[in-house]
Structure formats: structure tokens, C-alpha cells
Amino acid sequence: MSGLATGAAAPRSAAVAEEVLRARAYLLRVAEPPAPHTGRFVEAVGAVEAAAAIRRGDVSREVAGETSGRRAADRADQDLAAARAVQARLLCPEDPAWPHWPFTSFALAQSEDLVPPLALWVRGVGDLAELCGRAVAVVGARAATGYGTHTAAELGAGLAAAGQTVVSGAALGIDGAAHRGALAAGGPTVAVLACGVDRPYPDSHTGLLGRIAAAGLVVSEYPPGAVPARHRFLVRNRLIAALCAGTVVVEAARRSGARRTASDAQRLGTVLMAVPGPVSSALSAGCHELIRSGALLVTRAEEVTEATGRLGIELAQEPDGPQRPTDVLDAGQARVHDALPPRAARTVAWLADEAGLTPDQVRSALTGLERRGMARFQDGRWQRRTPGEGAS
């Protein structure tokens with residue numbers, strides 16, 4: 001913890017009673033997420049009563065199965081103190097900053113492994129409900145290619161410039177590049193961890209996590225001190241998908257954590273997008289499968305914003321293509337220009353026959369072409385001229 005850079009902690013809402021905070025902290029310690037039965041029990045009786053019943057062991061068999069192994073581990077006060085030591089706090093569903101609207105997607109999924117968290121530990125300056133009002137997840141491979149990290153950084157920067165919050169998992173590769181892109185553009189970003197918010201993971205991202213906290217939030221449903229584990233990454237991915245209106249997969253193998261996030265996004269009913277890559281790249285094979293299965297193909301931040309933003313307002317502009325001198329010609333000028341030989345010179349009558357126009361139409365077109373430096377008159381005949389070419 002000593003090397004962990006932090007941003008200023010967001011103030012705790014006075015509306016959340018201390019007993020509720022302590023109950024929620026206890027529940028996060030004893031119930032390994034996603035803990036669907038415990039979550040329903042808490043919804044039914046409230047956090048304080050549920051915590052007391054779990055401590056006594058006076059719960060259903062299903063809830064006991066999720067909590068009995070740790071119910072004696074009452075470290076609520078220690079966990080709250082550990083969070084304060086790194087300028088973090090516990091965000092509860094009773095707090096106005098709780099992302100109620102994004103988490104309604106869990107109810108629509110009707111799945112035992114897709115349930116909302118009991119609470120969240122958050123570190124940083126942001127308000128999670130506000131940050132997730134317009135948020136997009138950018139995820140992908142840890143062992144990303146240069147193409148992948150460049151694309152993720154460009155997407156992160158473009159989304160931030162458009163006022164979107166970039167959400168990812170702070171992992172190496174695509175995640176880190178997306179966070180850095182958003183920060184470089186001066187936008188907020190949210191990192192959802194599979195360990196405690198007091199543990200910089202990976203170690204090489206200690207500085208990055210500090211910068212994220214200073215501009216947005218570092219989030220986890222695991223208590224302070226919790227270590228990362230494979231199953232926790234998979235469970236964590238549902239939160240990344242749920243917090244956002246859409247998920248972009250930049251690079252992913254056929255079997256990967258990013259594919260799991262994509263699956264969660266689909267089941268939660270949010271927009272799933274994927275970036276295509278080289279057909280020979282194993283790290284793009286997962287993206288190509290997602291596109292074949294119905295994911296939206298995207299290549300630019302504007303396309304992502306169009307898919308997840310305000311309907312009919314945030315439309316992607318077509319990128320400017322290469323401009324040619326002939327692009328400005330009207331239909332008649334274009335036909336006459338095509339008929340003009342580049343080396344020989346022809347009469348108006350010949351050009352009229354070749355272009356299928358009347359002589360008057362050809363003369364009018366030639367006047368415009370000559371003004372643009374694209375035709376020249378010589379000895380009673382006309383010849384094509386390249387713009388910028390000196391007169392003979």
C-alpha cells in the first residue's frame with residue numbers, strides 16, 4: 001500500500017448510516033461474489049438485519065452455503081479503516097452515488113451469475129452514478145499487439161473527448177491502453193479490479209491506478225487486502241459490462257476474459273461491439289467470431305458513440321476520403337474531361353461525339369475545365385492538362 005498513489009477521496013454521503021456501512025462491509029467480507037442468494041436476502045430484510053442473521057447462522061441453507069465459511073470473519077471496522085488509509089470509501093446502494101440505473105440490467109438478465117454487488121469499495125474523486133451516465137467499456141487481450149494497443153488508446157481518447165467515461169479492468173495490454181487514452185484526452189475513466197482497491201494490480205500499473213483515481217474511480221467489490229484470483233477476474237467482468245451502455249472488444253482470442261465480458265454484455269442487453277483485425281491474427285479471432293455472431297463492427301470512437309449515445313444526435317460523421325481534382329467537376333465537365341486525350345489534342349466536334357454531348361455543352365464544360373487548369377486550347381484543338389502543369 002505504501003507505493004499507492006491516490007486521488008482525493010469523494011465525500012461519504014451523510015444519508016448512509018454508520019451501521020449500514022458496517023453491515024455492508026461485513027457482507028462483502030463474508031460472501032464471495034456474486035452470492036445471488038445473499039443478495040436476495042439482503043434486499044428482502046435490509047443490510048443490517050441480514051448481517052446480524054448471518055453472524056448468528058440464522059439463515060437459509062442457500063445463504064449459509066455462500067457465507068458459513070467466513071461468517072465469523074467480522075472485519076468491518078478494519079476494512080473501513082484500511083479503505084480510509086488509501087483515501088477510499090464504501091459505496092452502498094443506499095448512497096445517491098450508487099449506479100441504480102445501470103444495475104437494473106441485472107434484473108433483466110435473470111441469471112444466478114449476473115447479480116448486482118452488495119456494495120462497492122471505491123477510490124477516487126468521481127461519482128460513480130454520474131460517471132456511468134455515459135460510459136463505454138473497452139476491453140481486450142493482455143498480450144495485445146501494437147495494433148491493438150494503438151487502437152484501444154485511440155478509442156479511449158476519442159470517447160473521452162466525446163464526453164464518455166471509459167471503463168476497463170486496468171490489466172496489461174488493451175485495458176491499460178484504453179485508460180491511458182482517456183486520461184491523455186483529459187477525460188475520466190473507471191477501473192474495476194478483481195482485488196482490493198488498496199492493492200495495485202498489476203504492480204506495473206501502480207502509477208496508472210493513481211492517475212485513474214485522480215480523474216475518476218478505482219472500483220472493487222472485494223474487501224481491502226483481497227488478492228486477485230482467476231475466478232475473481234471472471235466475476236469482475238460482469239460489473240464492467242453492467243456499468244456501461246456498451247462494450248467494445250478490441251482484441252481477444254477465441255477463449256479469453258474479454259470474450260466473457262462480451263458474453264455478459266450480451267446477456268445484460270447492452271450494446272456489444274468489436275474491432276476487426278488481421279485475419280491471420282489469433283488475437284483478433286475472437287473479435288471476428290463476435291462480429292459474425294452479431295456484434296457491431298466498429299473502427300472509430302465516433303461509431304461507438306453513435307451506437308451508445310443519444311438516439312439521432314450523436315451520429316458518426318463519415319471520414320474524409322482522399323480528394324481528387326475531378327471531385328469538384330459537374331457531370332458534363334467530368335464527361336468532357338474523360339474524353340480529353342492526355343497527349344493528343346482534339347476538336348470540339350470530336351469531343352462532343354466522344355462524350356455524347358452537344359458542341360455547346362462541350363464548349364461550356366471546356367471553359368470550366370480551362371479555368372480550373374484541367375484543359376488547354378492549342379491550335380484550334382483541346383487537350384487534357386494536369387492542374388499545376390505549366391503552360392506550353
# chains A, B, ... in the order shown; residues from 1 in each chain; ligands from 1
$ closest_atom_pairs --of "stretch 124-168 of chain A" --to "stretch 73-89 of chain A" --cutoff "12 Å" --atoms "only C-alpha atoms" --output "JSON lines"
{"residue": "A:Gly124", "atom": "CA", "partner": "A:Ala88", "partner_atom": "CA", "distance": 6.8}
{"residue": "A:Val125", "atom": "CA", "partner": "A:Ala88", "partner_atom": "CA", "distance": 9.5}
{"residue": "A:Gly126", "atom": "CA", "partner": "A:Ala88", "partner_atom": "CA", "distance": 11.3}
{"residue": "A:Asp127", "atom": "CA", "partner": "A:Arg89", "partner_atom": "CA", "distance": 11.8}
$ residues_around --residues "stretch 15-28 of chain A" --least-positions-apart "5" --cutoff "12 Å" --atoms "only C-alpha atoms" --output "short mmCIF file (atom, residue, chain, number, x, y, z; two decimals) with all heavy atoms, in the first residue's frame"
data_model
loop_
_atom_site.label_atom_id
_atom_site.label_comp_id
_atom_site.auth_asym_id
_atom_site.auth_seq_id
_atom_site.Cartn_x
_atom_site.Cartn_y
_atom_site.Cartn_z
N PRO A 33 -18.42 -12.94 -4.01
CA PRO A 33 -19.30 -12.62 -5.14
C PRO A 33 -19.31 -13.73 -6.20
O PRO A 33 -18.32 -14.45 -6.33
CB PRO A 33 -18.67 -11.34 -5.70
CG PRO A 33 -17.91 -10.75 -4.55
CD PRO A 33 -17.39 -11.92 -3.79
N PRO A 34 -20.43 -13.92 -6.90
CA PRO A 34 -21.58 -13.00 -6.94
C PRO A 34 -22.62 -13.22 -5.85
O PRO A 34 -23.47 -12.36 -5.65
CB PRO A 34 -22.18 -13.26 -8.32
CG PRO A 34 -21.84 -14.68 -8.62
CD PRO A 34 -20.48 -14.91 -7.99
N ALA A 35 -22.64 -14.34 -5.14
CA ALA A 35 -23.52 -14.58 -3.98
C ALA A 35 -24.96 -14.15 -4.24
O ALA A 35 -25.50 -13.26 -3.56
CB ALA A 35 -22.96 -13.85 -2.75
N THR A 38 -27.46 -14.52 -1.07
CA THR A 38 -27.21 -13.50 -0.06
C THR A 38 -27.75 -12.15 -0.52
O THR A 38 -28.33 -11.39 0.26
CB THR A 38 -25.70 -13.41 0.24
OG1 THR A 38 -25.23 -14.69 0.66
CG2 THR A 38 -25.42 -12.39 1.32
N GLY A 39 -27.54 -11.84 -1.80
CA GLY A 39 -28.05 -10.58 -2.33
C GLY A 39 -29.56 -10.47 -2.21
O GLY A 39 -30.09 -9.42 -1.81
N PHE A 41 -31.42 -12.06 -0.05
CA PHE A 41 -31.73 -11.98 1.37
C PHE A 41 -31.55 -10.55 1.88
O PHE A 41 -32.39 -10.03 2.62
CB PHE A 41 -30.82 -12.95 2.14
CG PHE A 41 -31.05 -12.99 3.62
CD1 PHE A 41 -32.33 -13.13 4.14
CD2 PHE A 41 -29.98 -12.87 4.50
CE1 PHE A 41 -32.53 -13.17 5.52
CE2 PHE A 41 -30.18 -12.92 5.88
CZ PHE A 41 -31.46 -13.06 6.38
N VAL A 42 -30.50 -9.90 1.48
CA VAL A 42 -30.25 -8.51 1.88
C VAL A 42 -31.36 -7.60 1.34
O VAL A 42 -31.85 -6.70 2.04
CB VAL A 42 -28.87 -8.04 1.39
CG1 VAL A 42 -28.68 -6.54 1.65
CG2 VAL A 42 -27.76 -8.83 2.07
N GLU A 43 -31.77 -7.80 0.10
CA GLU A 43 -32.86 -7.00 -0.47
C GLU A 43 -34.15 -7.18 0.32
O GLU A 43 -34.93 -6.25 0.49
CB GLU A 43 -33.09 -7.38 -1.93
CG GLU A 43 -32.06 -6.81 -2.90
CD GLU A 43 -32.46 -7.06 -4.34
OE1 GLU A 43 -33.68 -7.23 -4.60
OE2 GLU A 43 -31.57 -7.09 -5.20
N GLY A 46 -32.98 -6.11 4.46
CA GLY A 46 -32.09 -4.99 4.73
C GLY A 46 -30.71 -5.45 5.16
O GLY A 46 -30.54 -6.56 5.69
N ALA A 47 -29.72 -4.59 4.94
CA ALA A 47 -28.32 -4.97 5.18
C ALA A 47 -28.04 -5.24 6.64
O ALA A 47 -27.35 -6.21 6.99
CB ALA A 47 -27.39 -3.88 4.66
N VAL A 48 -28.56 -4.41 7.55
CA VAL A 48 -28.24 -4.55 8.97
C VAL A 48 -28.80 -5.85 9.52
O VAL A 48 -28.11 -6.62 10.20
CB VAL A 48 -28.77 -3.34 9.76
CG1 VAL A 48 -28.55 -3.55 11.26
CG2 VAL A 48 -28.09 -2.06 9.29
N GLU A 49 -30.06 -6.12 9.23
CA GLU A 49 -30.68 -7.35 9.73
C GLU A 49 -30.06 -8.58 9.09
O GLU A 49 -29.85 -9.61 9.75
CB GLU A 49 -32.18 -7.32 9.48
CG GLU A 49 -32.92 -8.49 10.11
CD GLU A 49 -34.43 -8.38 9.99
OE1 GLU A 49 -34.93 -7.24 9.83
OE2 GLU A 49 -35.10 -9.42 10.06
N ALA A 50 -29.76 -8.50 7.79
CA ALA A 50 -29.14 -9.65 7.11
C ALA A 50 -27.78 -9.96 7.71
O ALA A 50 -27.44 -11.14 7.93
CB ALA A 50 -29.01 -9.35 5.62
N ALA A 51 -26.98 -8.94 7.97
CA ALA A 51 -25.65 -9.16 8.56
C ALA A 51 -25.77 -9.81 9.93
O ALA A 51 -25.02 -10.74 10.27
CB ALA A 51 -24.90 -7.84 8.65
N ALA A 52 -26.73 -9.35 10.74
CA ALA A 52 -26.91 -9.92 12.07
C ALA A 52 -27.33 -11.39 11.98
O ALA A 52 -26.85 -12.24 12.75
CB ALA A 52 -27.95 -9.11 12.84
N ALA A 53 -28.22 -11.71 11.05
CA ALA A 53 -28.69 -13.08 10.90
C ALA A 53 -27.56 -14.00 10.43
O ALA A 53 -27.44 -15.15 10.88
CB ALA A 53 -29.86 -13.13 9.93
N ILE A 54 -26.72 -13.49 9.54
CA ILE A 54 -25.60 -14.31 9.04
C ILE A 54 -24.60 -14.55 10.16
O ILE A 54 -24.07 -15.66 10.30
CB ILE A 54 -24.95 -13.61 7.83
CG1 ILE A 54 -25.88 -13.67 6.62
CG2 ILE A 54 -23.60 -14.26 7.48
CD1 ILE A 54 -25.45 -12.82 5.44
N ARG A 55 -24.34 -13.55 10.98
CA ARG A 55 -23.43 -13.74 12.12
C ARG A 55 -23.94 -14.85 13.04
O ARG A 55 -23.17 -15.66 13.55
CB ARG A 55 -23.29 -12.44 12.91
CG ARG A 55 -22.46 -11.35 12.24
CD ARG A 55 -22.22 -10.19 13.22
NE ARG A 55 -21.55 -9.07 12.58
CZ ARG A 55 -22.17 -8.01 12.07
NH1 ARG A 55 -23.48 -7.94 12.11
NH2 ARG A 55 -21.47 -7.04 11.52
N VAL A 63 -28.24 -19.35 1.68
CA VAL A 63 -27.42 -18.24 2.16
C VAL A 63 -26.25 -18.76 2.99
O VAL A 63 -25.12 -18.26 2.88
CB VAL A 63 -28.27 -17.24 2.97
CG1 VAL A 63 -27.39 -16.16 3.59
CG2 VAL A 63 -29.35 -16.61 2.10
N GLU A 66 -23.29 -19.76 1.03
CA GLU A 66 -22.47 -18.67 0.49
C GLU A 66 -21.69 -17.92 1.57
O GLU A 66 -20.77 -17.17 1.24
CB GLU A 66 -23.36 -17.67 -0.26
CG GLU A 66 -24.02 -18.25 -1.51
CD GLU A 66 -25.01 -17.29 -2.16
OE1 GLU A 66 -25.33 -16.24 -1.53
OE2 GLU A 66 -25.46 -17.58 -3.28
N THR A 67 -22.06 -18.12 2.85
CA THR A 67 -21.47 -17.28 3.90
C THR A 67 -20.89 -18.04 5.09
O THR A 67 -20.12 -17.45 5.87
CB THR A 67 -22.53 -16.30 4.45
OG1 THR A 67 -23.62 -17.06 5.01
CG2 THR A 67 -23.05 -15.38 3.36
N SER A 68 -21.24 -19.31 5.28
CA SER A 68 -20.86 -20.00 6.51
C SER A 68 -19.35 -20.12 6.68
O SER A 68 -18.83 -20.11 7.80
CB SER A 68 -21.50 -21.39 6.58
OG SER A 68 -21.08 -22.19 5.48
N ARG A 70 -17.08 -17.99 6.15
CA ARG A 70 -16.42 -16.76 6.63
C ARG A 70 -17.27 -15.97 7.61
O ARG A 70 -16.88 -14.86 7.98
CB ARG A 70 -16.10 -15.85 5.43
CG ARG A 70 -15.14 -16.44 4.41
CD ARG A 70 -14.92 -15.42 3.30
NE ARG A 70 -14.12 -15.95 2.21
CZ ARG A 70 -14.11 -15.43 0.98
NH1 ARG A 70 -14.87 -14.39 0.71
NH2 ARG A 70 -13.35 -15.95 0.04
N ARG A 71 -18.40 -16.48 8.04
CA ARG A 71 -19.30 -15.62 8.82
C ARG A 71 -18.69 -15.14 10.14
O ARG A 71 -19.12 -14.12 10.69
CB ARG A 71 -20.62 -16.34 9.08
CG ARG A 71 -20.57 -17.53 10.04
CD ARG A 71 -21.94 -18.17 10.07
NE ARG A 71 -21.97 -19.34 10.94
CZ ARG A 71 -22.27 -19.32 12.23
NH1 ARG A 71 -22.56 -18.15 12.82
NH2 ARG A 71 -22.27 -20.42 12.94
N ALA A 72 -17.66 -15.83 10.62
CA ALA A 72 -17.00 -15.39 11.85
C ALA A 72 -15.95 -14.32 11.58
O ALA A 72 -15.40 -13.74 12.53
CB ALA A 72 -16.36 -16.58 12.56
N ALA A 73 -15.67 -14.05 10.30
CA ALA A 73 -14.63 -13.07 9.95
C ALA A 73 -15.23 -11.66 9.91
O ALA A 73 -15.43 -11.08 8.84
CB ALA A 73 -14.01 -13.43 8.61
N ASP A 74 -15.53 -11.13 11.07
CA ASP A 74 -16.12 -9.79 11.14
C ASP A 74 -14.99 -8.76 11.21
O ASP A 74 -14.48 -8.44 12.27
CB ASP A 74 -17.03 -9.68 12.37
CG ASP A 74 -17.85 -8.40 12.33
OD1 ASP A 74 -17.53 -7.51 11.52
OD2 ASP A 74 -18.82 -8.29 13.11
N ARG A 75 -14.61 -8.25 10.04
CA ARG A 75 -13.51 -7.29 9.95
C ARG A 75 -14.01 -5.95 9.40
O ARG A 75 -13.28 -5.21 8.76
CB ARG A 75 -12.41 -7.84 9.03
CG ARG A 75 -11.68 -9.05 9.62
CD ARG A 75 -10.65 -9.61 8.61
NE ARG A 75 -9.85 -8.56 8.00
CZ ARG A 75 -8.76 -8.04 8.53
NH1 ARG A 75 -8.34 -8.48 9.72
NH2 ARG A 75 -8.09 -7.10 7.91
N ALA A 76 -15.27 -5.65 9.63
CA ALA A 76 -15.86 -4.44 9.06
C ALA A 76 -15.08 -3.19 9.45
O ALA A 76 -14.74 -2.35 8.59
CB ALA A 76 -17.32 -4.31 9.46
N ASP A 77 -14.80 -3.04 10.72
CA ASP A 77 -14.08 -1.83 11.16
C ASP A 77 -12.68 -1.76 10.56
O ASP A 77 -12.23 -0.69 10.14
CB ASP A 77 -14.00 -1.81 12.69
CG ASP A 77 -15.35 -1.56 13.34
OD1 ASP A 77 -16.22 -0.97 12.67
OD2 ASP A 77 -15.54 -1.98 14.50
N GLN A 78 -11.99 -2.91 10.54
CA GLN A 78 -10.64 -2.93 9.96
C GLN A 78 -10.69 -2.61 8.47
O GLN A 78 -9.82 -1.89 7.95
CB GLN A 78 -9.99 -4.29 10.19
CG GLN A 78 -9.71 -4.61 11.65
CD GLN A 78 -10.82 -5.41 12.29
OE1 GLN A 78 -12.00 -5.13 12.07
NE2 GLN A 78 -10.44 -6.42 13.06
N ASP A 79 -11.68 -3.16 7.75
CA ASP A 79 -11.78 -2.91 6.32
C ASP A 79 -12.09 -1.45 6.04
O ASP A 79 -11.52 -0.84 5.11
CB ASP A 79 -12.85 -3.81 5.69
CG ASP A 79 -12.41 -5.26 5.60
OD1 ASP A 79 -11.20 -5.53 5.71
OD2 ASP A 79 -13.29 -6.14 5.43
N LEU A 80 -12.97 -0.86 6.81
CA LEU A 80 -13.28 0.56 6.62
C LEU A 80 -12.08 1.44 6.91
O LEU A 80 -11.81 2.42 6.21
CB LEU A 80 -14.47 0.96 7.51
CG LEU A 80 -15.83 0.38 7.09
CD1 LEU A 80 -16.85 0.55 8.20
CD2 LEU A 80 -16.32 1.06 5.81
N ALA A 81 -11.29 1.05 7.93
CA ALA A 81 -10.08 1.80 8.25
C ALA A 81 -9.03 1.64 7.17
O ALA A 81 -8.34 2.60 6.79
CB ALA A 81 -9.53 1.34 9.60
N ALA A 82 -8.88 0.42 6.63
CA ALA A 82 -7.91 0.17 5.56
C ALA A 82 -8.28 0.98 4.32
O ALA A 82 -7.41 1.48 3.61
CB ALA A 82 -7.85 -1.32 5.24
N ALA A 83 -9.57 1.10 4.05
CA ALA A 83 -10.01 1.89 2.91
C ALA A 83 -9.68 3.36 3.12
O ALA A 83 -9.16 4.03 2.21
CB ALA A 83 -11.50 1.70 2.68
N ARG A 89 -13.48 4.62 0.03
CA ARG A 89 -14.67 4.55 0.85
C ARG A 89 -15.56 3.43 0.37
O ARG A 89 -15.36 2.87 -0.73
CB ARG A 89 -15.43 5.88 0.81
CG ARG A 89 -16.06 6.20 -0.55
CD ARG A 89 -16.66 7.59 -0.55
NE ARG A 89 -17.35 7.91 -1.80
CZ ARG A 89 -18.66 7.81 -1.98
NH1 ARG A 89 -19.43 7.40 -0.99
NH2 ARG A 89 -19.21 8.13 -3.13
N LEU A 90 -16.56 3.11 1.15
CA LEU A 90 -17.52 2.08 0.79
C LEU A 90 -18.76 2.74 0.20
O LEU A 90 -19.38 3.60 0.85
CB LEU A 90 -17.91 1.24 2.02
CG LEU A 90 -18.83 0.05 1.74
CD1 LEU A 90 -18.16 -0.95 0.79
CD2 LEU A 90 -19.23 -0.64 3.05
N LEU A 91 -19.09 2.36 -1.02
CA LEU A 91 -20.28 2.89 -1.69
C LEU A 91 -21.39 1.85 -1.59
O LEU A 91 -21.22 0.70 -2.02
CB LEU A 91 -19.95 3.19 -3.16
CG LEU A 91 -21.09 3.74 -4.02
CD1 LEU A 91 -21.53 5.11 -3.51
CD2 LEU A 91 -20.67 3.82 -5.48
N CYS A 92 -22.51 2.24 -1.05
CA CYS A 92 -23.62 1.32 -0.79
C CYS A 92 -24.82 1.66 -1.68
O CYS A 92 -24.95 2.80 -2.14
CB CYS A 92 -24.06 1.41 0.67
SG CYS A 92 -22.75 1.09 1.85
N PRO A 93 -25.73 0.70 -1.86
CA PRO A 93 -26.96 1.01 -2.62
C PRO A 93 -27.80 2.11 -1.98
O PRO A 93 -28.61 2.75 -2.65
CB PRO A 93 -27.71 -0.33 -2.60
CG PRO A 93 -26.64 -1.36 -2.47
CD PRO A 93 -25.61 -0.73 -1.58
N GLU A 94 -27.59 2.37 -0.70
CA GLU A 94 -28.31 3.46 -0.02
C GLU A 94 -27.73 4.83 -0.33
O GLU A 94 -28.30 5.85 0.04
CB GLU A 94 -28.27 3.22 1.49
CG GLU A 94 -29.01 1.98 1.96
CD GLU A 94 -28.18 0.69 1.86
OE1 GLU A 94 -27.01 0.77 1.40
OE2 GLU A 94 -28.70 -0.36 2.24
N ASP A 95 -26.59 4.88 -1.02
CA ASP A 95 -25.90 6.13 -1.34
C ASP A 95 -26.43 6.71 -2.66
O ASP A 95 -26.66 5.96 -3.61
CB ASP A 95 -24.39 5.86 -1.46
CG ASP A 95 -23.56 7.13 -1.45
OD1 ASP A 95 -23.82 8.01 -2.30
OD2 ASP A 95 -22.65 7.24 -0.63
N PRO A 96 -26.63 8.04 -2.74
CA PRO A 96 -27.08 8.64 -4.00
C PRO A 96 -26.14 8.39 -5.17
O PRO A 96 -26.56 8.47 -6.33
CB PRO A 96 -27.16 10.14 -3.67
CG PRO A 96 -27.33 10.20 -2.20
CD PRO A 96 -26.55 9.04 -1.65
N ALA A 97 -24.87 8.10 -4.89
CA ALA A 97 -23.91 7.87 -5.97
C ALA A 97 -23.94 6.42 -6.47
O ALA A 97 -23.14 6.06 -7.32
CB ALA A 97 -22.50 8.22 -5.50
N TRP A 98 -24.83 5.60 -5.93
CA TRP A 98 -24.93 4.21 -6.38
C TRP A 98 -25.51 4.18 -7.80
O TRP A 98 -26.50 4.86 -8.09
CB TRP A 98 -25.83 3.40 -5.45
CG TRP A 98 -25.88 1.94 -5.76
CD1 TRP A 98 -26.88 1.27 -6.41
CD2 TRP A 98 -24.89 0.95 -5.43
NE1 TRP A 98 -26.58 -0.06 -6.50
CE2 TRP A 98 -25.36 -0.29 -5.91
CE3 TRP A 98 -23.66 1.01 -4.79
CZ2 TRP A 98 -24.64 -1.47 -5.77
CZ3 TRP A 98 -22.94 -0.16 -4.64
CH2 TRP A 98 -23.43 -1.38 -5.12
N PRO A 117 -23.64 -6.17 -7.16
CA PRO A 117 -22.81 -6.33 -5.96
C PRO A 117 -23.56 -5.88 -4.71
O PRO A 117 -24.48 -5.06 -4.79
CB PRO A 117 -21.61 -5.44 -6.25
CG PRO A 117 -22.16 -4.37 -7.14
CD PRO A 117 -23.20 -5.05 -8.00
N LEU A 118 -23.14 -6.39 -3.55
CA LEU A 118 -23.74 -5.99 -2.28
C LEU A 118 -23.34 -4.57 -1.91
O LEU A 118 -24.05 -3.86 -1.21
CB LEU A 118 -23.32 -6.96 -1.18
CG LEU A 118 -23.82 -8.39 -1.35
CD1 LEU A 118 -23.10 -9.34 -0.39
CD2 LEU A 118 -25.33 -8.46 -1.14
N ALA A 119 -22.19 -4.15 -2.35
CA ALA A 119 -21.65 -2.80 -2.17
C ALA A 119 -20.38 -2.73 -2.99
O ALA A 119 -19.97 -3.73 -3.60
CB ALA A 119 -21.38 -2.50 -0.69
N LEU A 120 -19.75 -1.57 -3.03
CA LEU A 120 -18.52 -1.41 -3.80
C LEU A 120 -17.53 -0.55 -3.02
O LEU A 120 -17.91 0.50 -2.47
CB LEU A 120 -18.80 -0.75 -5.15
CG LEU A 120 -19.56 -1.58 -6.18
CD1 LEU A 120 -20.00 -0.70 -7.35
CD2 LEU A 120 -18.72 -2.75 -6.69
N TRP A 121 -16.28 -0.96 -2.99
CA TRP A 121 -15.22 -0.12 -2.48
C TRP A 121 -14.74 0.76 -3.62
O TRP A 121 -14.47 0.27 -4.73
CB TRP A 121 -14.06 -0.98 -1.96
CG TRP A 121 -14.44 -1.87 -0.83
CD1 TRP A 121 -14.78 -3.19 -0.89
CD2 TRP A 121 -14.53 -1.51 0.56
NE1 TRP A 121 -15.07 -3.68 0.35
CE2 TRP A 121 -14.92 -2.67 1.27
CE3 TRP A 121 -14.30 -0.33 1.26
CZ2 TRP A 121 -15.11 -2.67 2.66
CZ3 TRP A 121 -14.47 -0.33 2.64
CH2 TRP A 121 -14.88 -1.49 3.33
N GLY A 196 -8.55 -6.04 -3.89
CA GLY A 196 -8.86 -4.87 -3.10
C GLY A 196 -8.38 -3.59 -3.75
O GLY A 196 -7.37 -3.58 -4.48
N SER A 220 -13.96 -1.84 -6.71
CA SER A 220 -13.90 -3.29 -6.48
C SER A 220 -14.99 -3.69 -5.49
O SER A 220 -15.34 -2.93 -4.59
CB SER A 220 -12.54 -3.70 -5.94
OG SER A 220 -12.52 -5.10 -5.68
N GLU A 221 -15.52 -4.91 -5.67
CA GLU A 221 -16.44 -5.44 -4.66
C GLU A 221 -15.70 -6.33 -3.67
O GLU A 221 -16.31 -6.90 -2.76
CB GLU A 221 -17.58 -6.21 -5.32
CG GLU A 221 -17.18 -7.41 -6.15
CD GLU A 221 -18.36 -8.04 -6.88
OE1 GLU A 221 -19.47 -8.08 -6.32
OE2 GLU A 221 -18.16 -8.51 -8.02
N TYR A 222 -14.38 -6.46 -3.85
CA TYR A 222 -13.58 -7.26 -2.93
C TYR A 222 -12.99 -6.37 -1.84
O TYR A 222 -12.57 -5.25 -2.11
CB TYR A 222 -12.48 -8.00 -3.71
CG TYR A 222 -13.08 -8.95 -4.73
CD1 TYR A 222 -13.14 -8.63 -6.08
CD2 TYR A 222 -13.61 -10.17 -4.31
CE1 TYR A 222 -13.72 -9.48 -7.00
CE2 TYR A 222 -14.19 -11.03 -5.24
CZ TYR A 222 -14.24 -10.68 -6.57
OH TYR A 222 -14.83 -11.54 -7.48
N PRO A 223 -12.93 -6.87 -0.61
CA PRO A 223 -12.50 -6.03 0.52
C PRO A 223 -11.02 -5.67 0.44
O PRO A 223 -10.25 -6.33 -0.28
CB PRO A 223 -12.80 -6.91 1.73
CG PRO A 223 -12.78 -8.30 1.22
CD PRO A 223 -13.32 -8.22 -0.18
N PRO A 224 -10.61 -4.64 1.14
CA PRO A 224 -9.19 -4.28 1.18
C PRO A 224 -8.33 -5.49 1.54
O PRO A 224 -8.68 -6.28 2.41
CB PRO A 224 -9.13 -3.19 2.26
CG PRO A 224 -10.48 -2.57 2.24
CD PRO A 224 -11.43 -3.69 1.95
N ALA A 226 -7.78 -8.02 -0.37
CA ALA A 226 -8.12 -9.20 -1.16
C ALA A 226 -7.16 -9.34 -2.34
O ALA A 226 -6.83 -8.36 -3.01
CB ALA A 226 -9.56 -9.10 -1.66
#
$ residues_around --residues "A:Leu234" --least-positions-apart "2" --cutoff "12 Å" --atoms "only C-alpha atoms" --output "list in words"
Pro33, Pro34, Asp113, Leu114, Gly169, Val192, Leu193, Ala194, Cys195, Pro228, Ala229, Arg230, His231, Arg232, Arg236, Asn237, Arg238, Leu239, Ile240, Ala241, Ser256, Gly257, Ala258, Arg259, Arg260, Thr261, Ala262, Ser263 and Asp264 of chain A
$ atom_distance --atom1 "atom CA of A:Trp350" --atom2 "atom CA of A:Ala331"
18.4 Å
$ select_by_dssp --residues "stretch 98-287 of chain A" --states "helix (DSSP H, G or I)" --output "PyMOL selection string"
chain A and resi 100-109+128-134+146-161+174-184+203-215+230-242+257-268+282-287
$ closest_residue --among "A:Ala285, A:Ala375, A:Val279, A:Ala215" --to "A:Ala345" --atoms "only C-alpha atoms"
A:Ala375
$ closest_residue --among "A:Ala64, A:Val122, A:Cys287, A:Leu128" --to "A:Gly148" --atoms "only C-alpha atoms"
A:Cys287
$ atom_distance --atom1 "atom CA of A:Thr189" --atom2 "atom CA of A:Leu243"
11.9 Å
$ closest_residue --among "A:Ala253, A:Leu351, A:Leu131, A:Val328" --to "A:Ser281" --atoms "only C-alpha atoms"
A:Ala253
$ closest_residue --among "A:Val166, A:Val197, A:Val298, A:Ala177" --to "A:Gly216" --atoms "only C-alpha atoms"
A:Val166
$ atom_distance --atom1 "atom CA of A:Arg142" --atom2 "atom CA of A:Phe103"
26.8 Å
